[in-house]
>>> print(open('my_file.cif').read())   # mmCIF, C-alpha atoms
data_work
#
loop_
_atom_site.group_PDB
_atom_site.id
_atom_site.type_symbol
_atom_site.label_atom_id
_atom_site.label_comp_id
_atom_site.auth_asym_id
_atom_site.auth_seq_id
_atom_site.Cartn_x
_atom_site.Cartn_y
_atom_site.Cartn_z
ATOM 1 C CA MET A 21 125.434 177.540 94.014
ATOM 2 C CA ASN A 22 127.690 180.491 93.361
ATOM 3 C CA TYR A 23 127.718 183.327 95.830
ATOM 4 C CA PRO A 24 126.692 186.073 96.109
ATOM 5 C CA ILE A 25 123.098 185.259 95.194
ATOM 6 C CA GLU A 26 121.270 188.283 93.843
ATOM 7 C CA PHE A 27 117.457 188.292 94.042
ATOM 8 C CA LYS A 28 114.462 190.605 94.244
ATOM 9 C CA LEU A 29 112.173 190.847 97.268
ATOM 10 C CA GLY A 30 109.331 193.332 96.961
ATOM 11 C CA ASN A 31 110.866 196.542 95.661
ATOM 12 C CA TYR A 32 114.374 195.660 96.908
ATOM 13 C CA ILE A 33 117.299 193.981 95.187
ATOM 14 C CA LEU A 34 119.223 191.902 97.727
ATOM 15 C CA ARG A 35 122.473 189.941 97.739
ATOM 16 C CA MET A 36 123.154 187.029 100.058
ATOM 17 C CA TYR A 37 126.748 185.987 100.644
ATOM 18 C CA LYS A 38 128.215 182.645 101.684
ATOM 19 C CA ASP A 39 128.508 183.755 105.336
ATOM 20 C CA LEU A 40 124.728 184.554 105.263
ATOM 21 C CA SER A 41 125.280 188.304 105.373
ATOM 22 C CA VAL A 42 122.872 190.286 103.207
ATOM 23 C CA THR A 43 123.157 193.632 101.444
ATOM 24 C CA LYS A 44 120.533 195.713 99.696
ATOM 25 C CA TYR A 45 120.990 197.793 96.575
ATOM 26 C CA LYS A 46 120.734 201.542 96.954
ATOM 27 C CA LYS A 47 121.193 203.896 94.063
ATOM 28 C CA LYS A 48 123.005 206.919 95.464
ATOM 29 C CA SER A 49 123.457 209.269 92.527
ATOM 30 C CA THR A 50 124.467 209.333 88.882
ATOM 31 C CA ARG A 51 128.131 209.655 89.861
ATOM 32 C CA LEU A 52 128.016 206.565 92.073
ATOM 33 C CA PRO A 53 126.187 204.020 89.926
ATOM 34 C CA GLU A 54 125.678 201.367 92.587
ATOM 35 C CA MET A 55 125.974 201.012 96.333
ATOM 36 C CA TRP A 56 125.258 197.948 98.480
ATOM 37 C CA VAL A 57 124.216 198.626 102.080
ATOM 38 C CA PRO A 58 124.579 195.849 104.689
ATOM 39 C CA ILE A 59 121.415 194.649 106.417
ATOM 40 C CA LYS A 60 121.727 194.251 110.171
ATOM 41 C CA PHE A 61 120.119 191.162 111.683
ATOM 42 C CA TYR A 62 118.768 191.185 115.229
ATOM 43 C CA LYS A 63 118.598 188.202 117.570
ATOM 44 C CA GLU A 64 115.158 186.966 118.476
ATOM 45 C CA LYS A 65 115.053 184.503 121.367
ATOM 46 C CA LYS A 66 112.123 182.178 121.871
ATOM 47 C CA ASN A 67 111.660 179.838 124.800
ATOM 48 C CA ARG A 68 110.216 176.481 123.890
ATOM 49 C CA LYS A 69 109.000 173.592 125.977
ATOM 50 C CA ASN A 70 111.402 172.339 128.638
ATOM 51 C CA ASP A 71 113.258 175.709 128.636
ATOM 52 C CA VAL A 72 114.942 175.003 125.282
ATOM 53 C CA GLU A 73 115.876 178.370 123.829
ATOM 54 C CA ALA A 74 115.757 178.931 120.074
ATOM 55 C CA ILE A 75 117.586 181.870 118.537
ATOM 56 C CA TYR A 76 116.424 183.321 115.227
ATOM 57 C CA TYR A 77 117.936 186.215 113.316
ATOM 58 C CA ARG A 78 115.522 188.716 111.818
ATOM 59 C CA PHE A 79 115.363 192.091 110.093
ATOM 60 C CA GLU A 80 112.658 194.415 108.790
ATOM 61 C CA LEU A 81 111.893 195.803 105.328
ATOM 62 C CA GLN A 82 109.227 198.188 104.053
ATOM 63 C CA ILE A 83 107.381 196.218 101.351
ATOM 64 C CA ASP A 84 104.250 197.544 99.641
ATOM 65 C CA GLY A 85 103.906 200.238 102.311
ATOM 66 C CA LYS A 86 103.926 197.709 105.171
ATOM 67 C CA ARG A 87 106.733 196.888 107.576
ATOM 68 C CA LYS A 88 107.582 193.190 107.258
ATOM 69 C CA THR A 89 109.717 191.207 109.683
ATOM 70 C CA ILE A 90 111.698 188.518 107.898
ATOM 71 C CA ARG A 91 113.743 185.797 109.553
ATOM 72 C CA ARG A 92 117.123 184.941 108.068
ATOM 73 C CA HIS A 93 116.406 181.245 107.525
ATOM 74 C CA ARG A 94 113.279 182.116 105.464
ATOM 75 C CA LEU A 95 115.268 184.664 103.451
ATOM 76 C CA ASN A 96 118.030 182.140 102.771
ATOM 77 C CA TYR A 97 115.536 179.537 101.574
ATOM 78 C CA TYR A 98 113.887 182.167 99.351
ATOM 79 C CA ALA A 99 117.253 183.198 97.877
ATOM 80 C CA HIS A 100 117.792 179.610 96.705
ATOM 81 C CA HIS A 101 114.137 178.895 95.751
ATOM 82 C CA GLN A 102 112.646 182.125 94.432
ATOM 83 C CA ASP A 103 109.420 180.465 93.277
ATOM 84 C CA TRP A 104 108.554 179.803 96.960
ATOM 85 C CA ASP A 105 106.213 182.302 98.678
ATOM 86 C CA ILE A 106 108.229 183.798 101.539
ATOM 87 C CA PHE A 107 105.211 185.695 102.921
ATOM 88 C CA ASP A 108 102.912 182.653 103.155
ATOM 89 C CA SER A 109 102.789 182.030 106.900
ATOM 90 C CA SER A 110 100.310 179.152 106.763
ATOM 91 C CA LEU A 111 100.852 175.975 108.748
ATOM 92 C CA ASP A 112 101.809 174.114 105.562
ATOM 93 C CA ASN A 113 104.680 176.464 104.683
ATOM 94 C CA GLN A 114 107.152 176.395 107.564
ATOM 95 C CA ILE A 115 110.934 176.230 107.255
ATOM 96 C CA ASP A 116 112.491 173.505 109.372
ATOM 97 C CA HIS A 117 116.086 173.376 110.554
ATOM 98 C CA ILE A 118 116.854 169.720 109.884
ATOM 99 C CA HIS A 119 119.641 169.510 112.491
ATOM 100 C CA GLY A 120 118.123 172.011 114.931
ATOM 101 C CA THR A 121 118.542 175.781 115.125
ATOM 102 C CA ASP A 122 122.094 175.537 116.469
ATOM 103 C CA ALA A 123 123.272 174.037 113.173
ATOM 104 C CA GLY A 124 122.665 177.333 111.390
ATOM 105 C CA ASP A 125 120.561 178.829 108.646
ATOM 106 C CA TYR A 126 122.549 177.300 105.777
ATOM 107 C CA ILE A 127 120.555 175.970 102.832
ATOM 108 C CA HIS A 128 121.642 172.338 103.345
ATOM 109 C CA ASN A 129 120.002 172.516 106.805
ATOM 110 C CA LEU A 130 116.626 173.924 105.645
ATOM 111 C CA ARG A 131 113.491 172.300 104.235
ATOM 112 C CA ILE A 132 109.790 173.115 103.870
ATOM 113 C CA VAL A 133 107.510 171.188 106.214
ATOM 114 C CA THR A 134 104.053 171.395 107.736
ATOM 115 C CA HIS A 135 103.579 172.627 111.290
ATOM 116 C CA HIS A 136 103.067 169.045 112.491
ATOM 117 C CA GLN A 137 106.291 167.867 110.864
ATOM 118 C CA ASN A 138 108.168 170.835 112.323
ATOM 119 C CA GLN A 139 107.095 169.870 115.843
ATOM 120 C CA MET A 140 108.368 166.310 115.423
ATOM 121 C CA ASN A 141 112.079 167.100 115.623
ATOM 122 C CA GLN A 142 112.136 169.203 118.754
ATOM 123 C CA LEU A 143 114.786 168.022 121.163
ATOM 124 C CA ASN A 144 112.445 166.487 123.721
ATOM 125 C CA ALA A 145 109.546 165.483 121.449
ATOM 126 C CA LYS A 146 108.602 161.845 121.941
ATOM 127 C CA GLY A 147 105.030 161.808 120.637
ATOM 128 C CA TYR A 148 103.504 161.514 124.101
ATOM 129 C CA ARG A 149 103.100 163.494 127.305
ATOM 130 C CA TRP A 150 103.182 162.638 131.016
ATOM 131 C CA ARG A 151 100.107 162.895 133.227
#
>>> encode(input="my_file.cif", output="structure tokens")
Amino acid sequence: MNYPIEFKLGNYILRMYKDLSVTKYKKKSTRLPEMWVPIKFYKEKKNRKNDVEAIYYRFELQIDGKRKTIRRHRLNYYAHHQDWDIFDSSLDNQIDHIHGTDAGDYIHNLRIVTHHQNQMNQLNAKGYRWR
């Protein structure tokens, strides 16, 4: 796919670049016909079982009058598959990092899975527990 990818999310027009940076379109005035403002991602750390720490990058947008938090890996998948519902947070619509979160949010590392499938490739998941 050719970068940058330009797509619409809510009332925003966004561009995603090859390095996973994102800009949003902002019309300044009639003299400056177009301006692209960078979106700043924030780190979100989550501790999982066995003290494995997952790091996600997120940002917030005002969509339909509500503040929405969007993670970068979901945005990247949406940029490549715009028919997918990015706001569906059901257990059947999770984005899985195929090679783990350390491998990055690149599209070749992302796939849609169910919650059960997403739990199967945790680092220490064996399908059983100790008593």
>>> resolve_selection(input="my_file.cif", expression="the PyMOL selection byres ((chain A and resi 110-127) around 8)", output="JSON, numbers by chain")
{"A": [40, 74, 75, 76, 92, 93, 94, 96, 97, 100, 108, 109, 128, 129, 130, 131, 132, 133, 134, 135, 138, 141, 142]}
>>> atom_distance(input="my_file.cif", atom1="atom CA of Pro58 of chain A", atom2="atom CA of Gly85 of chain A")
21.3 Å
>>> atom_distance(input="my_file.cif", atom1="atom CA of Lys86 of chain A", atom2="atom CA of Ile25 of chain A")
24.9 Å
>>> residues_around(input="my_file.cif", residues="Gln82 of chain A", least_positions_apart="3", cutoff="12 Å", atoms="all atoms listed in the file", output="ChimeraX atom specification")
/A:29-32,79,85-90
>>> resolve_selection(input="my_file.cif", expression="the PyMOL selection byres ((chain A and resi 39) around 10)", output="mmCIF file with C-alpha atoms, keeping the file's coordinate frame")
data_model
loop_
_atom_site.group_PDB
_atom_site.id
_atom_site.type_symbol
_atom_site.label_atom_id
_atom_site.label_comp_id
_atom_site.auth_asym_id
_atom_site.auth_seq_id
_atom_site.Cartn_x
_atom_site.Cartn_y
_atom_site.Cartn_z
ATOM 1 C CA TYR A 23 127.718 183.327 95.830
ATOM 2 C CA PRO A 24 126.692 186.073 96.109
ATOM 3 C CA MET A 36 123.154 187.029 100.058
ATOM 4 C CA TYR A 37 126.748 185.987 100.644
ATOM 5 C CA LYS A 38 128.215 182.645 101.684
ATOM 6 C CA LEU A 40 124.728 184.554 105.263
ATOM 7 C CA SER A 41 125.280 188.304 105.373
ATOM 8 C CA VAL A 42 122.872 190.286 103.207
ATOM 9 C CA ASP A 125 120.561 178.829 108.646
ATOM 10 C CA TYR A 126 122.549 177.300 105.777
#
>>> resolve_selection(input="my_file.cif", expression="the PyMOL selection byres ((chain A and resi 57) around 7)", output="list of chain:residue names")
A:Thr43, A:Lys44, A:Tyr45, A:Lys46, A:Met55, A:Trp56, A:Pro58, A:Ile59
>>> write_last_selection(input="my_file.cif", atoms="C-alpha atoms", output="mmCIF file, in the frame of the given file")
data_model
loop_
_atom_site.group_PDB
_atom_site.id
_atom_site.type_symbol
_atom_site.label_atom_id
_atom_site.label_comp_id
_atom_site.auth_asym_id
_atom_site.auth_seq_id
_atom_site.Cartn_x
_atom_site.Cartn_y
_atom_site.Cartn_z
ATOM 1 C CA THR A 43 123.157 193.632 101.444
ATOM 2 C CA LYS A 44 120.533 195.713 99.696
ATOM 3 C CA TYR A 45 120.990 197.793 96.575
ATOM 4 C CA LYS A 46 120.734 201.542 96.954
ATOM 5 C CA MET A 55 125.974 201.012 96.333
ATOM 6 C CA TRP A 56 125.258 197.948 98.480
ATOM 7 C CA PRO A 58 124.579 195.849 104.689
ATOM 8 C CA ILE A 59 121.415 194.649 106.417
#
>>> residues_around(input="my_file.cif", residues="Lys28 of chain A", least_positions_apart="5", cutoff="9 Å", atoms="all atoms listed in the file", output="mmCIF file with C-alpha atoms, in the coordinates of the input")
data_model
loop_
_atom_site.group_PDB
_atom_site.id
_atom_site.type_symbol
_atom_site.label_atom_id
_atom_site.label_comp_id
_atom_site.auth_asym_id
_atom_site.auth_seq_id
_atom_site.Cartn_x
_atom_site.Cartn_y
_atom_site.Cartn_z
ATOM 1 C CA ILE A 33 117.299 193.981 95.187
ATOM 2 C CA LEU A 34 119.223 191.902 97.727
ATOM 3 C CA ARG A 35 122.473 189.941 97.739
ATOM 4 C CA ALA A 99 117.253 183.198 97.877
ATOM 5 C CA GLN A 102 112.646 182.125 94.432
#
>>> atom_distance(input="my_file.cif", atom1="atom CA of Phe107 of chain A", atom2="atom CA of Glu54 of chain A")
27.8 Å
>>> closest_residue(input="my_file.cif", among="A:Tyr62, A:Tyr98, A:Phe27, A:Trp104", to="Glu80 of chain A", atoms="all atoms listed in the file")
A:Tyr62
>>> residues_near_point(input="my_file.cif", point="(122.7, 188.9, 114.2)", cutoff="8 Å", atoms="all atoms listed in the file", output="ChimeraX atom specification")
/A:60-63,77-78
>>> decode(input="my_file.cif", residues="segment 64-117 of chain A", atoms="C-alpha atoms", output="compact mmCIF listing (two decimals), in the first residue's frame")
# COMPACT_ATOMS: atom_id res chain seq x y z
CA GLU A 64 -0.49 3.32 27.96
CA LYS A 65 1.09 0.57 30.05
CA LYS A 66 -0.87 -2.48 31.11
CA ASN A 67 0.38 -5.21 33.40
CA ARG A 68 -0.67 -8.68 32.39
CA LYS A 69 -0.33 -12.02 34.10
CA ASN A 70 3.15 -12.94 35.29
CA ASP A 71 4.18 -9.23 35.32
CA VAL A 72 4.39 -9.06 31.51
CA GLU A 73 3.98 -5.41 30.59
CA ALA A 74 2.19 -4.43 27.39
CA ILE A 75 2.62 -0.95 25.96
CA TYR A 76 -0.08 0.56 23.75
CA TYR A 77 -0.07 3.96 22.10
CA ARG A 78 -3.31 5.92 22.23
CA PHE A 79 -4.80 9.33 21.49
CA GLU A 80 -8.17 11.02 21.86
CA LEU A 81 -10.57 12.59 19.36
CA GLN A 82 -13.91 14.35 19.76
CA ILE A 83 -16.33 12.33 17.60
CA ASP A 84 -20.08 13.01 17.56
CA GLY A 85 -19.75 15.16 20.68
CA LYS A 86 -18.06 12.39 22.68
CA ARG A 87 -14.40 12.02 23.59
CA LYS A 88 -13.10 8.74 22.16
CA THR A 89 -9.82 7.08 23.08
CA ILE A 90 -8.32 5.24 20.13
CA ARG A 91 -5.31 2.95 20.23
CA ARG A 92 -2.78 3.19 17.42
CA HIS A 93 -2.97 -0.47 16.39
CA ARG A 94 -6.78 -0.18 15.93
CA LEU A 95 -6.33 3.02 13.93
CA ASN A 96 -3.71 1.40 11.70
CA TYR A 97 -5.95 -1.58 11.01
CA TYR A 98 -8.83 0.79 10.23
CA ALA A 99 -6.66 2.83 7.84
CA HIS A 100 -6.02 -0.32 5.79
CA HIS A 101 -9.54 -1.83 6.18
CA GLN A 102 -12.01 1.05 6.28
CA ASP A 103 -15.06 -1.23 6.11
CA TRP A 104 -14.15 -2.55 9.60
CA ASP A 105 -15.95 -0.97 12.59
CA ILE A 106 -13.23 0.62 14.71
CA PHE A 107 -15.67 1.49 17.52
CA ASP A 108 -17.05 -2.05 17.94
CA SER A 109 -15.46 -3.15 21.21
CA SER A 110 -17.19 -6.52 21.40
CA LEU A 111 -15.29 -9.68 22.28
CA ASP A 112 -15.45 -10.81 18.64
CA ASN A 113 -13.70 -7.71 17.27
CA GLN A 114 -10.28 -7.51 18.90
CA ILE A 115 -7.02 -6.65 17.14
CA ASP A 116 -4.25 -9.13 17.84
CA HIS A 117 -0.53 -8.47 17.50
